[in-house]
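Note: the block below is entry38.pdb and it holds PDB, C-alpha atoms and all ligand atoms.
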ATOM      1  CA  MET A   1     -42.927  15.918 -23.023
ATOM      2  CA  SER A   2     -42.570  12.186 -22.908
ATOM      3  CA  GLU A   3     -40.126  10.424 -20.628
ATOM      4  CA  ALA A   4     -37.978   7.541 -21.832
ATOM      5  CA  ALA A   5     -38.146   4.503 -19.595
ATOM      6  CA  LEU A   6     -34.792   2.767 -19.120
ATOM      7  CA  LEU A   7     -35.318  -0.901 -18.442
ATOM      8  CA  PRO A   8     -32.625  -3.161 -17.019
ATOM      9  CA  ARG A   9     -31.536  -5.800 -19.537
ATOM     10  CA  SER A  10     -29.524  -8.882 -18.667
ATOM     11  CA  PRO A  11     -26.291  -9.348 -20.597
ATOM     12  CA  LEU A  12     -27.649 -12.858 -21.218
ATOM     13  CA  ALA A  13     -30.817 -11.614 -22.905
ATOM     14  CA  GLY A  14     -31.384 -13.740 -25.997
ATOM     15  CA  LEU A  15     -28.264 -15.842 -25.380
ATOM     16  CA  LEU A  16     -29.652 -18.634 -23.207
ATOM     17  CA  ARG A  17     -31.606 -20.947 -25.463
ATOM     18  CA  PRO A  18     -32.543 -24.566 -24.844
ATOM     19  CA  VAL A  19     -30.982 -27.306 -26.953
ATOM     20  CA  GLY A  20     -32.824 -30.508 -27.911
ATOM     21  CA  GLY A  21     -36.470 -31.159 -27.226
ATOM     22  CA  ARG A  22     -36.931 -34.857 -26.537
ATOM     23  CA  GLY A  23     -36.661 -36.435 -23.131
ATOM     24  CA  ALA A  24     -35.356 -35.003 -19.916
ATOM     25  CA  ALA A  25     -32.574 -32.457 -20.278
ATOM     26  CA  GLY A  26     -29.176 -33.619 -19.049
ATOM     27  CA  VAL A  27     -28.204 -30.062 -18.184
ATOM     28  CA  THR A  28     -30.295 -27.206 -16.834
ATOM     29  CA  VAL A  29     -29.188 -23.615 -16.711
ATOM     30  CA  ALA A  30     -30.671 -20.564 -15.014
ATOM     31  CA  GLU A  31     -29.412 -17.034 -14.634
ATOM     32  CA  ARG A  32     -29.014 -15.775 -11.094
ATOM     33  CA  GLY A  33     -29.990 -12.319 -12.279
ATOM     34  CA  SER A  34     -29.840  -8.904 -10.601
ATOM     35  CA  LEU A  35     -27.530 -10.088  -7.831
ATOM     36  CA  ARG A  36     -25.730  -7.547  -5.716
ATOM     37  CA  ILE A  37     -22.018  -8.237  -6.138
ATOM     38  CA  ALA A  38     -19.021  -6.643  -4.452
ATOM     39  CA  GLY A  39     -15.305  -7.288  -4.781
ATOM     40  CA  LEU A  40     -13.429  -7.336  -1.506
ATOM     41  CA  VAL A  41      -9.642  -7.070  -1.151
ATOM     42  CA  ALA A  42      -8.034  -7.006   2.281
ATOM     43  CA  ARG A  43      -5.420  -4.329   2.795
ATOM     44  CA  ALA A  44      -2.172  -5.357   4.535
ATOM     45  CA  GLY A  45      -2.747  -8.684   6.154
ATOM     46  CA  GLY A  46      -6.443  -9.216   6.613
ATOM     47  CA  ALA A  47      -6.509 -10.615  10.149
ATOM     48  CA  VAL A  48      -8.494  -7.642  11.473
ATOM     49  CA  LEU A  49     -10.874  -7.854   8.517
ATOM     50  CA  ALA A  50     -11.437 -11.537   9.289
ATOM     51  CA  ASP A  51     -12.187 -10.613  12.921
ATOM     52  CA  ILE A  52     -14.793  -8.058  11.860
ATOM     53  CA  VAL A  53     -16.452 -10.507   9.457
ATOM     54  CA  ARG A  54     -16.554 -13.132  12.213
ATOM     55  CA  ALA A  55     -18.078 -10.661  14.676
ATOM     56  CA  ALA A  56     -20.595  -9.269  12.187
ATOM     57  CA  TYR A  57     -21.638 -12.442  10.331
ATOM     58  CA  GLY A  58     -20.440 -15.305  12.502
ATOM     59  CA  VAL A  59     -18.365 -16.941   9.752
ATOM     60  CA  ASP A  60     -14.705 -17.206   8.825
ATOM     61  CA  LEU A  61     -13.636 -15.535   5.586
ATOM     62  CA  PRO A  62     -12.310 -18.434   3.489
ATOM     63  CA  THR A  63      -8.515 -18.420   3.198
ATOM     64  CA  SER A  64      -8.542 -21.295   0.697
ATOM     65  CA  PRO A  65     -10.717 -21.752  -2.425
ATOM     66  CA  ARG A  66     -14.005 -22.137  -0.543
ATOM     67  CA  ARG A  67     -17.357 -20.416  -0.231
ATOM     68  CA  THR A  68     -19.255 -19.614   2.939
ATOM     69  CA  GLU A  69     -22.721 -18.205   3.563
ATOM     70  CA  ALA A  70     -24.127 -16.039   6.320
ATOM     71  CA  ASP A  71     -26.923 -13.588   6.825
ATOM     72  CA  GLY A  72     -28.083 -13.758   3.190
ATOM     73  CA  LEU A  73     -24.549 -13.105   1.951
ATOM     74  CA  GLU A  74     -22.144 -15.426   0.141
ATOM     75  CA  PHE A  75     -18.404 -14.938   0.661
ATOM     76  CA  ILE A  76     -16.482 -16.534  -2.191
ATOM     77  CA  TRP A  77     -12.693 -16.827  -2.238
ATOM     78  CA  ALA A  78     -11.228 -14.996  -5.254
ATOM     79  CA  GLY A  79      -7.471 -15.245  -4.713
ATOM     80  CA  PRO A  80      -5.209 -14.591  -1.725
ATOM     81  CA  ALA A  81      -6.865 -11.971   0.526
ATOM     82  CA  GLN A  82      -9.589 -11.451  -2.095
ATOM     83  CA  TRP A  83     -13.254 -12.390  -2.213
ATOM     84  CA  ILE A  84     -16.438 -11.613  -4.019
ATOM     85  CA  VAL A  85     -19.538 -11.124  -1.931
ATOM     86  CA  LEU A  86     -23.003 -11.858  -3.307
ATOM     87  CA  ALA A  87     -26.382 -10.735  -2.002
ATOM     88  CA  GLU A  88     -29.809 -11.587  -3.375
ATOM     89  CA  PRO A  89     -31.603  -9.153  -5.721
ATOM     90  CA  GLY A  90     -33.278  -6.297  -3.913
ATOM     91  CA  ALA A  91     -30.750  -6.232  -1.082
ATOM     92  CA  ASP A  92     -29.403  -2.873   0.055
ATOM     93  CA  ASP A  93     -26.447  -1.380  -1.773
ATOM     94  CA  LEU A  94     -23.973  -4.134  -0.899
ATOM     95  CA  ALA A  95     -20.750  -2.276  -1.691
ATOM     96  CA  ALA A  96     -21.816   0.703   0.419
ATOM     97  CA  THR A  97     -22.787  -1.578   3.320
ATOM     98  CA  LEU A  98     -19.435  -3.390   3.216
ATOM     99  CA  ARG A  99     -17.510  -0.124   2.904
ATOM    100  CA  GLY A 100     -19.311   1.166   5.983
ATOM    101  CA  ARG A 101     -18.435  -1.964   7.893
ATOM    102  CA  PHE A 102     -14.832  -2.433   6.857
ATOM    103  CA  GLY A 103     -13.645   1.148   6.370
ATOM    104  CA  MET A 104      -9.965   1.278   5.427
ATOM    105  CA  LEU A 105      -9.372  -2.412   6.145
ATOM    106  CA  ALA A 106     -10.507  -3.440   2.682
ATOM    107  CA  ALA A 107     -10.917  -2.129  -0.836
ATOM    108  CA  VAL A 108     -14.543  -2.683  -1.852
ATOM    109  CA  THR A 109     -15.684  -2.349  -5.459
ATOM    110  CA  GLU A 110     -19.246  -2.525  -6.689
ATOM    111  CA  GLN A 111     -19.526  -5.332  -9.284
ATOM    112  CA  ASP A 112     -23.317  -5.616  -9.680
ATOM    113  CA  ASP A 113     -23.236  -5.197 -13.456
ATOM    114  CA  ALA A 114     -19.737  -6.540 -14.072
ATOM    115  CA  ARG A 115     -20.497 -10.251 -13.964
ATOM    116  CA  VAL A 116     -23.251 -12.657 -14.790
ATOM    117  CA  VAL A 117     -23.821 -15.681 -12.577
ATOM    118  CA  LEU A 118     -25.333 -18.868 -13.989
ATOM    119  CA  ARG A 119     -26.573 -21.859 -12.039
ATOM    120  CA  ILE A 120     -25.825 -24.996 -14.010
ATOM    121  CA  ALA A 121     -27.112 -28.374 -12.856
ATOM    122  CA  GLY A 122     -28.448 -31.690 -14.082
ATOM    123  CA  PRO A 123     -27.319 -35.311 -14.274
ATOM    124  CA  ARG A 124     -24.866 -34.629 -17.162
ATOM    125  CA  VAL A 125     -23.522 -31.293 -15.959
ATOM    126  CA  ARG A 126     -20.065 -32.709 -15.177
ATOM    127  CA  ASP A 127     -19.804 -34.272 -18.625
ATOM    128  CA  ALA A 128     -20.704 -30.959 -20.238
ATOM    129  CA  LEU A 129     -18.276 -28.925 -18.123
ATOM    130  CA  ALA A 130     -15.467 -31.459 -18.604
ATOM    131  CA  LYS A 131     -15.295 -30.495 -22.279
ATOM    132  CA  GLY A 132     -13.809 -27.102 -21.489
ATOM    133  CA  VAL A 133     -13.082 -26.754 -17.785
ATOM    134  CA  PRO A 134      -9.553 -28.088 -17.189
ATOM    135  CA  ILE A 135      -9.925 -28.886 -13.474
ATOM    136  CA  ASP A 136     -11.179 -32.132 -11.970
ATOM    137  CA  LEU A 137     -14.816 -31.787 -10.869
ATOM    138  CA  HIS A 138     -15.172 -35.433  -9.842
ATOM    139  CA  PRO A 139     -16.631 -35.673  -6.296
ATOM    140  CA  ARG A 140     -13.348 -37.070  -4.956
ATOM    141  CA  ALA A 141     -11.616 -33.841  -5.997
ATOM    142  CA  PHE A 142     -14.267 -31.104  -5.807
ATOM    143  CA  GLY A 143     -17.391 -30.866  -3.656
ATOM    144  CA  PRO A 144     -20.042 -28.498  -2.341
ATOM    145  CA  GLY A 145     -18.451 -25.286  -1.059
ATOM    146  CA  ASP A 146     -15.327 -25.709  -3.195
ATOM    147  CA  VAL A 147     -14.362 -22.756  -5.409
ATOM    148  CA  ALA A 148     -12.079 -22.460  -8.434
ATOM    149  CA  LEU A 149     -10.803 -19.687 -10.651
ATOM    150  CA  THR A 150     -10.164 -21.360 -13.982
ATOM    151  CA  LEU A 151     -11.258 -21.493 -17.634
ATOM    152  CA  ALA A 152     -14.242 -22.703 -19.611
ATOM    153  CA  GLY A 153     -13.126 -22.989 -23.203
ATOM    154  CA  HIS A 154     -10.981 -19.869 -23.404
ATOM    155  CA  VAL A 155     -13.204 -17.872 -21.064
ATOM    156  CA  PRO A 156     -11.972 -17.119 -17.529
ATOM    157  CA  VAL A 157     -14.600 -18.280 -15.024
ATOM    158  CA  HIS A 158     -15.105 -18.234 -11.297
ATOM    159  CA  LEU A 159     -17.031 -21.347 -10.298
ATOM    160  CA  TRP A 160     -18.200 -23.022  -7.142
ATOM    161  CA  GLN A 161     -20.218 -26.127  -6.349
ATOM    162  CA  VAL A 162     -23.571 -25.405  -4.697
ATOM    163  CA  ASP A 163     -24.769 -28.887  -3.758
ATOM    164  CA  ASP A 164     -24.455 -32.600  -4.465
ATOM    165  CA  GLY A 165     -27.163 -32.436  -7.177
ATOM    166  CA  PRO A 166     -24.678 -31.549  -8.515
ATOM    167  CA  ALA A 167     -25.251 -27.852  -9.140
ATOM    168  CA  TYR A 168     -22.558 -25.297  -9.878
ATOM    169  CA  ASP A 169     -22.586 -21.528 -10.033
ATOM    170  CA  ILE A 170     -20.404 -19.994 -12.705
ATOM    171  CA  ALA A 171     -19.578 -16.287 -12.740
ATOM    172  CA  VAL A 172     -18.368 -14.787 -16.010
ATOM    173  CA  ALA A 173     -17.398 -11.240 -16.954
ATOM    174  CA  ARG A 174     -20.466  -9.747 -18.675
ATOM    175  CA  SER A 175     -18.512  -8.935 -21.840
ATOM    176  CA  LEU A 176     -17.698 -12.648 -22.222
ATOM    177  CA  ALA A 177     -21.226 -13.894 -21.486
ATOM    178  CA  GLY A 178     -21.869 -14.415 -25.211
ATOM    179  CA  SER A 179     -18.748 -16.522 -25.738
ATOM    180  CA  PHE A 180     -19.478 -18.532 -22.610
ATOM    181  CA  CYS A 181     -23.097 -19.286 -23.610
ATOM    182  CA  HIS A 182     -21.930 -20.303 -27.089
ATOM    183  CA  TRP A 183     -19.473 -22.755 -25.528
ATOM    184  CA  LEU A 184     -22.085 -24.049 -23.054
ATOM    185  CA  ARG A 185     -24.660 -24.701 -25.787
ATOM    186  CA  ASP A 186     -22.087 -26.606 -27.833
ATOM    187  CA  SER A 187     -20.871 -28.617 -24.823
ATOM    188  CA  ALA A 188     -24.256 -29.418 -23.291
ATOM    189  CA  GLY A 189     -26.098 -29.856 -26.576
ATOM    190  CA  GLU A 190     -25.710 -33.616 -26.902
ATOM    191  CA  TYR A 191     -27.265 -34.123 -23.436
ATOM    192  CA  GLY A 192     -30.110 -31.684 -24.009
ATOM    193  CA  MET A 193     -30.070 -28.338 -22.222
ATOM    194  CA  ALA A 194     -33.098 -26.743 -20.576
ATOM    195  CA  VAL A 195     -33.287 -23.089 -19.592
ATOM    196  CA  GLU A 196     -35.072 -22.291 -16.357
ATOM    197  CA  GLY A 197     -36.288 -19.064 -14.874
TER     198      GLY A 197
ATOM    199  CA  MET B   1       3.266 -29.664 -17.689
ATOM    200  CA  ARG B   2       1.465 -28.986 -14.421
ATOM    201  CA  ILE B   3       2.242 -26.261 -11.905
ATOM    202  CA  PRO B   4       1.300 -26.632  -8.219
ATOM    203  CA  CYS B   5      -0.122 -23.185  -7.480
ATOM    204  CA  PRO B   6       0.190 -22.632  -3.705
ATOM    205  CA  HIS B   7      -3.204 -20.892  -3.759
ATOM    206  CA  CYS B   8      -5.289 -22.848  -6.301
ATOM    207  CA  GLY B   9      -3.735 -26.311  -6.321
ATOM    208  CA  GLU B  10      -2.174 -28.125  -9.263
ATOM    209  CA  ARG B  11      -3.156 -26.683 -12.648
ATOM    210  CA  GLY B  12      -2.205 -27.107 -16.294
ATOM    211  CA  PHE B  13       0.376 -24.628 -17.587
ATOM    212  CA  GLN B  14      -2.212 -23.271 -20.042
ATOM    213  CA  GLU B  15      -3.628 -21.232 -17.149
ATOM    214  CA  PHE B  16      -0.278 -19.485 -16.650
ATOM    215  CA  ALA B  17       1.788 -16.867 -18.436
ATOM    216  CA  TYR B  18       5.583 -17.252 -18.487
ATOM    217  CA  TYR B  19       7.737 -14.243 -17.717
ATOM    218  CA  GLY B  20      11.290 -15.528 -17.406
ATOM    219  CA  ASP B  21      14.245 -15.970 -15.064
ATOM    220  CA  ALA B  22      13.338 -15.126 -11.465
ATOM    221  CA  GLY B  23      16.981 -14.511 -10.544
ATOM    222  CA  PRO B  24      17.877 -10.988 -11.717
ATOM    223  CA  LYS B  25      17.556  -8.336  -9.027
ATOM    224  CA  ARG B  26      16.794  -4.813 -10.194
ATOM    225  CA  PRO B  27      19.818  -2.544  -9.524
ATOM    226  CA  ALA B  28      19.460   0.625  -7.471
ATOM    227  CA  HIS B  29      18.330   3.566  -9.567
ATOM    228  CA  GLY B  30      20.771   6.438 -10.135
ATOM    229  CA  GLY B  31      23.904   6.851  -8.057
ATOM    230  CA  ASP B  32      26.832   4.661  -8.970
ATOM    231  CA  THR B  33      24.882   2.093 -11.008
ATOM    232  CA  GLY B  34      26.785   1.955 -14.263
ATOM    233  CA  GLU B  35      25.460   1.202 -17.742
ATOM    234  CA  ASP B  36      27.098  -2.211 -17.710
ATOM    235  CA  VAL B  37      25.101  -3.172 -14.600
ATOM    236  CA  TRP B  38      21.842  -2.153 -16.286
ATOM    237  CA  PHE B  39      22.827  -3.943 -19.498
ATOM    238  CA  ASP B  40      23.448  -7.086 -17.485
ATOM    239  CA  TYR B  41      20.109  -6.784 -15.659
ATOM    240  CA  VAL B  42      18.022  -6.038 -18.738
ATOM    241  CA  TYR B  43      19.605  -8.289 -21.375
ATOM    242  CA  LEU B  44      21.949 -10.950 -20.081
ATOM    243  CA  ARG B  45      20.497 -14.266 -18.990
ATOM    244  CA  ASP B  46      21.984 -17.627 -18.141
ATOM    245  CA  ASN B  47      20.757 -20.579 -20.144
ATOM    246  CA  PRO B  48      20.927 -23.425 -17.650
ATOM    247  CA  ALA B  49      20.371 -27.065 -18.592
ATOM    248  CA  GLY B  50      18.624 -28.303 -15.445
ATOM    249  CA  PRO B  51      16.766 -26.701 -12.560
ATOM    250  CA  HIS B  52      15.738 -23.097 -13.180
ATOM    251  CA  GLU B  53      13.853 -20.629 -10.985
ATOM    252  CA  GLU B  54      11.427 -18.676 -13.110
ATOM    253  CA  LEU B  55       8.460 -16.330 -12.818
ATOM    254  CA  TRP B  56       5.020 -17.525 -13.873
ATOM    255  CA  TYR B  57       1.756 -15.579 -13.569
ATOM    256  CA  HIS B  58      -1.457 -17.491 -12.783
ATOM    257  CA  ALA B  59      -3.393 -15.435 -15.302
ATOM    258  CA  ALA B  60      -6.499 -17.636 -15.558
ATOM    259  CA  GLY B  61      -6.518 -18.456 -11.847
ATOM    260  CA  CYS B  62      -5.683 -16.488  -8.717
ATOM    261  CA  ARG B  63      -3.750 -13.786 -10.647
ATOM    262  CA  THR B  64      -0.643 -13.986  -8.502
ATOM    263  CA  TRP B  65       3.016 -14.253  -9.477
ATOM    264  CA  LEU B  66       4.840 -17.445  -8.610
ATOM    265  CA  VAL B  67       8.471 -18.521  -8.545
ATOM    266  CA  VAL B  68       8.444 -21.959 -10.165
ATOM    267  CA  THR B  69      11.400 -24.332 -10.121
ATOM    268  CA  ARG B  70      11.416 -26.146 -13.446
ATOM    269  CA  ASN B  71      13.962 -28.469 -14.977
ATOM    270  CA  THR B  72      14.639 -27.061 -18.440
ATOM    271  CA  LEU B  73      15.681 -30.489 -19.734
ATOM    272  CA  THR B  74      12.696 -32.523 -18.563
ATOM    273  CA  HIS B  75      10.011 -29.874 -17.748
ATOM    274  CA  GLU B  76       9.758 -31.499 -14.333
ATOM    275  CA  VAL B  77       8.372 -28.947 -11.883
ATOM    276  CA  ALA B  78       9.917 -29.252  -8.417
ATOM    277  CA  GLY B  79       7.780 -26.625  -6.721
ATOM    278  CA  ALA B  80       6.125 -23.210  -6.791
ATOM    279  CA  ARG B  81       6.079 -20.439  -4.202
ATOM    280  CA  PRO B  82       4.357 -17.049  -4.092
ATOM    281  CA  ALA B  83       6.792 -14.535  -5.638
ATOM    282  CA  ARG B  84       5.838 -12.159  -2.849
ATOM    283  CA  ASP B  85       7.285 -14.507  -0.212
ATOM    284  CA  VAL B  86      10.471 -14.993  -2.226
ATOM    285  CA  ALA B  87      10.870 -11.211  -2.671
ATOM    286  CA  LEU B  88      10.347 -10.578   1.044
ATOM    287  CA  GLU B  89      12.942 -13.215   1.897
ATOM    288  CA  ARG B  90      15.446 -11.740  -0.544
ATOM    289  CA  SER B  91      14.980  -8.207   0.717
ATOM    290  CA  ALA B  92      15.433  -9.416   4.318
ATOM    291  CA  ALA B  93      18.670 -11.224   3.442
ATOM    292  CA  PRO B  94      21.827  -9.095   3.854
TER     293      PRO B  94
HETATM  294 ZN    ZN C   1      -3.355 -19.767  -8.496
END
What's the structure tokens form of this structure?
Amino acid sequence: MSEAALLPRSPLAGLLRPVGGRGAAGVTVAERGSLRIAGLVARAGGAVLADIVRAAYGVDLPTSPRRTEADGLEFIWAGPAQWIVLAEPGADDLAATLRGRFGMLAAVTEQDDARVVLRIAGPRVRDALAKGVPIDLHPRAFGPGDVALTLAGHVPVHLWQVDDGPAYDIAVARSLAGSFCHWLRDSAGEYGMAVEG
Amino acid sequence: MRIPCPHCGERGFQEFAYYGDAGPKRPAHGGDTGEDVWFDYVYLRDNPAGPHEELWYHAAGCRTWLVVTRNTLTHEVAGARPARDVALERSAAP
């Protein structure tokens, strides 16, 4: 009897294609694949939860649209008293770890396969994003560590700036990954878009 | 028209969904609440020309409900507060 092998497949498989071939690409995109992702919502208040996070990881849970990193984890603001937590591929079951730590203080939901996260960078990345993201990403208004819940085209996105490169991470619901990539190709096309990874 | 979300900062109204007048307070269920009181709560609205307190949902942002003060003549937005805070204040008031 033969056994069927089930292979993990990215929701972006076949969707990320480079645009333009000549010269250096103005925009580069890479999937941050196989991340461990958990949604975190503080129950009633959140002060005790913040204390536990500070004791366990040595950082403050952001209470404004910001991102913080500690111990291989990223804590990303996702609304009042809400965050998403990211861990690198291969990390232990993140949701179970957080549930063990926070108990009844927070509602933790496993989101590993619910979202795709793209890292988008390059000298023309702001010009490409400006075509569909309605918030101001100019350095005077938005910098490394800043987070926004907003739109790209008509697709809801959760984005944060990684560094001054500039590089941004954009998280999209997996069912909208196709629409998002379509929009990104159209927006970044004139600058040339390279796919990494 | 731009709405200053207390959580996200100022955003275009395209990110929000409009619900309506933030004024009506749901009557107590059962008891002495007459049909006329329910009719008033469900159907009857003022139509002010000027400042209006209304509920907006930041659907493409932080997904919270806000009470926005908007001038219905000019679309000038005077402010926005979390609906939760407004509701807590109202329920604390005698
Ligand atoms: Zn908001």
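Residues of chain B having any atom within 12 Å of chain A, counting all atoms listed in the file, are Arg2, Cys5, Pro6, His7, Cys8, Gly9, Glu10, Arg11, Gly12, Phe13, Gln14, Glu15, Phe16, His58, Ala59, Ala60, Gly61, Cys62, Arg63, Thr64, Trp65, Pro82 and Arg84 of chain B.
For the structure shown here, the set of residues caught by the PyMOL selection byres (((chain A and resi 196) around 7) and not hetatm) is Thr28, Val29, Ala30, Ala194, Val195 and Gly197 of chain A.
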Saved selection, atoms kept: C-alpha atoms, as a short mmCIF file (atom, residue, chain, number, x, y, z; two decimals), keeping the file's coordinate frame:
data_model
loop_
_atom_site.label_atom_id
_atom_site.label_comp_id
_atom_site.auth_asym_id
_atom_site.auth_seq_id
_atom_site.Cartn_x
_atom_site.Cartn_y
_atom_site.Cartn_z
CA THR A 28 -30.30 -27.21 -16.83
CA VAL A 29 -29.19 -23.62 -16.71
CA ALA A 30 -30.67 -20.56 -15.01
CA ALA A 194 -33.10 -26.74 -20.58
CA VAL A 195 -33.29 -23.09 -19.59
CA GLY A 197 -36.29 -19.06 -14.87
#
Q: Please write the residues picked by the PyMOL selection byres (((chain B and resi 75) around 10) and not hetatm) on this file as a PyMOL selection string.
A: chain B and resi 1-2+50-52+69-74+76-78
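Between atom CA of A:Tyr57 and atom CA of A:Ile84 the interatomic distance comes to 15.3 Å.
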Q) Skipping near chain neighbours, those fewer than 6 positions away, what residues fall within 12 Å of A:Asp71 using only C-alpha atoms, listed as a list in words? A) Val53, Arg54, Ala56, Tyr57, Gly58, Val59, Val85, Leu86, Ala87, Glu88 and Ala91 of chain A
Q | Residue with smallest distance to ligand ZN 1 (chain C) - pool B:Pro94, B:Arg81, B:Leu88, B:Thr33, counting all atoms listed in the file | A | B:Arg81
Q: Excluding A:Asp127 and residues on its chain fewer than 2 positions from it, collect all residues at most 9 Å away from it, counting all atoms listed in the file, and give them as a PyMOL selection string.
A: chain A and resi 123-125+129-131+187-188+191
Q | Residues selected by the PyMOL selection byres (((chain A and resi 19) around 7) and not hetatm), written as a list in words | A | Arg17, Pro18, Gly20, Gly21, Arg185, Gly189, Gly192, Met193 and Ala194 of chain A
For those residues, write C-alpha atoms to a file as a tab-separated table (two decimals), in the frame of the given file.
chain	number	residue	atom	x	y	z
A	17	ARG	CA	-31.61	-20.95	-25.46
A	18	PRO	CA	-32.54	-24.57	-24.84
A	20	GLY	CA	-32.82	-30.51	-27.91
A	21	GLY	CA	-36.47	-31.16	-27.23
A	185	ARG	CA	-24.66	-24.70	-25.79
A	189	GLY	CA	-26.10	-29.86	-26.58
A	192	GLY	CA	-30.11	-31.68	-24.01
A	193	MET	CA	-30.07	-28.34	-22.22
A	194	ALA	CA	-33.10	-26.74	-20.58
Q | Atomic distance atom CA of B:Gly31 - atom CA of B:Ala87, expressed in Å with one decimal | A | 22.9 Å
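Coordinates place atom CA of A:Asp163 at a distance of 14.1 Å from atom CA of A:Arg140.
Shortest separation to A:Pro144 among A:Leu159, A:Leu35, A:Leu61, A:Leu73 occurs at residue A:Leu159, atoms counted being only C-alpha atoms.
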